[in-house]
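Reading through the C-alpha cells given below for one structure.
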Amino acid sequence: MGILDGKRILVAGVTMDTSIGFATARVAQEQGATVLISNFGRALNITKRIAKRLPSEPPVLELDVTDPEHLERLPALVREHVDGLDGVVHSIAYGNPETLLGGKFLDGPWEDVAQAVQVSAYSLKSLALACRPLMADGGSVVGLTFDATVAWPAYDWMGVAKAGLESCSRYLARDLGPDGIRVNLVSAGPLKTLAAKAIPGFEELETMWTTRAPLGWDESDQTPTAQAVCALLSDFFPATTGEIVHVDGGFHAMGA
C-alpha cells in the first residue's frame, strides 16, 4: 500500500519528463494515486507524449490557468475521468527571461511583471478555486516555490512573483481551511528543469548549493522534491497548512 492509495490527484503544469511536476505524477502513481496532468497551447502535445513515460499513462487535460473559460470548464473535464479530487499540485511558473531575469530587475517592464505574477502567483488562487467544487470532502493543494525570503542572483522578478505565491498560499490556507482544504508549498533547491534553463546565471545558484548544503544537493534529482509534495498530498499531514517545506539539502538553514 502507498500513502496515496485511493487518492485522486491533478498535477497542473507538466511539460518535460525532467520537471518536478512529472516526478510528482510518477511518485504519486507509485504511491497508489489516480493521477491527471495538464498543460496547454503548443506544450500540450509535448505533455501528451511524455505522459506515456509514466508508470500508467494518465489523462491529459487542456488547462491554461490564466484563461477564465479553461478554469470554468475544469471541473467538468476532471469528472470525465474521476468523480472528484483529493489533491492538486500547482507546478506552474513563468517569467520572460529576456526582460525579467539575469540582472534585469531595474529594467523589467510592468507588462511582463504582471504576466509573471499572474502565472506564477495569482494562478494558485485561480486553480484552487476552480478545483474547490471537486474537493467536497476536503483535500490538499501543494505548490512549488524557490525561497523568496532573500534576493538571489539572476532570479530578479521571478523572486518577487514567488514571494507573491508564498503569501497567496497563506491567505488560501486561511480561507479554504474551513472547507478542510490544506494549502502548502515545497521550496526546492535549484534543479535542472526546463524553467531553470531559462534563467541566465542559473549555474551560480548551483555552485552555492554545492558548497553550502549540509546534506549535499543533486540538481538533477527531482525525486526528493516530488516525495515531499506527495507527503503533503497524503493524510500524514492532516493539521498542516500555510506551511513551506524546504527540500534543499538544508541550505536554507545555513549562514554565510
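Scheme for the C-alpha cells: letters A, B, ... for chains in order shown; per-chain residue numbers from 1; ligand numbers from 1 in order shown.
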Task: Spatial neighbours of Met16 (chain A), 9 Å, only C-alpha atoms, chain gap at least 5 places, as number ranges by chain - done: A: 21-22, 46-47, 50, 193-194
Create the file for the chosen residues now, containing C-alpha atoms and written as a short mmCIF file (atom, residue, chain, number, x, y, z; two decimals), in the first residue's frame.
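Listing of result-v1.cif after writing:
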data_model
loop_
_atom_site.label_atom_id
_atom_site.label_comp_id
_atom_site.auth_asym_id
_atom_site.auth_seq_id
_atom_site.Cartn_x
_atom_site.Cartn_y
_atom_site.Cartn_z
CA GLY A 21 5.53 18.05 -11.97
CA PHE A 22 6.41 14.92 -13.92
CA ILE A 46 4.64 17.50 -25.61
CA THR A 47 2.80 16.67 -22.40
CA ILE A 50 5.76 12.38 -22.15
CA THR A 193 14.43 21.72 -15.19
CA LEU A 194 13.19 23.44 -18.32
#
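Once Pro58 (chain A) and its same-chain neighbours fewer than 4 positions away are set aside, Thr34, Val35, Leu36, Ile37, Ala51, Lys52 and Leu54 of chain A remain within 8 Å of it when counting only C-alpha atoms.
The environment of Gln227 (chain A) within 10 Å, counting only C-alpha atoms and disregarding residues fewer than 4 places along the same chain, consists of Ala23, Thr24, Arg26, Val27, Ala28, Gln31, Gln222, Thr223, Ala231, Leu232, Leu233 and Val247 of chain A.
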- [ ] Mind giving me the straight-line distance from CA of Ser169 (chain A) to CA of Ala43 (chain A) in Å, one decimal?
- [x] 26.2 Å
Interface rows for region 181-251 of chain A against region 123-144 of chain A: nearest pair, Å to one decimal, 8 Å, only C-alpha atoms, as CSV:
residue,atom,partner,partner_atom,distance
A:Ile181,CA,A:Gly138,CA,4.7
A:Arg182,CA,A:Ser140,CA,4.7
A:Val183,CA,A:Val141,CA,4.7
A:Asn184,CA,A:Val142,CA,5.0
A:Leu185,CA,A:Gly143,CA,4.6
A:Val186,CA,A:Leu144,CA,5.0
A:Ser187,CA,A:Leu144,CA,6.0
A:Ala188,CA,A:Leu144,CA,7.4
A:Val229,CA,A:Val142,CA,6.5
A:Leu232,CA,A:Val142,CA,7.1
A:Leu233,CA,A:Ser140,CA,5.4
A:Ser234,CA,A:Ser140,CA,7.9
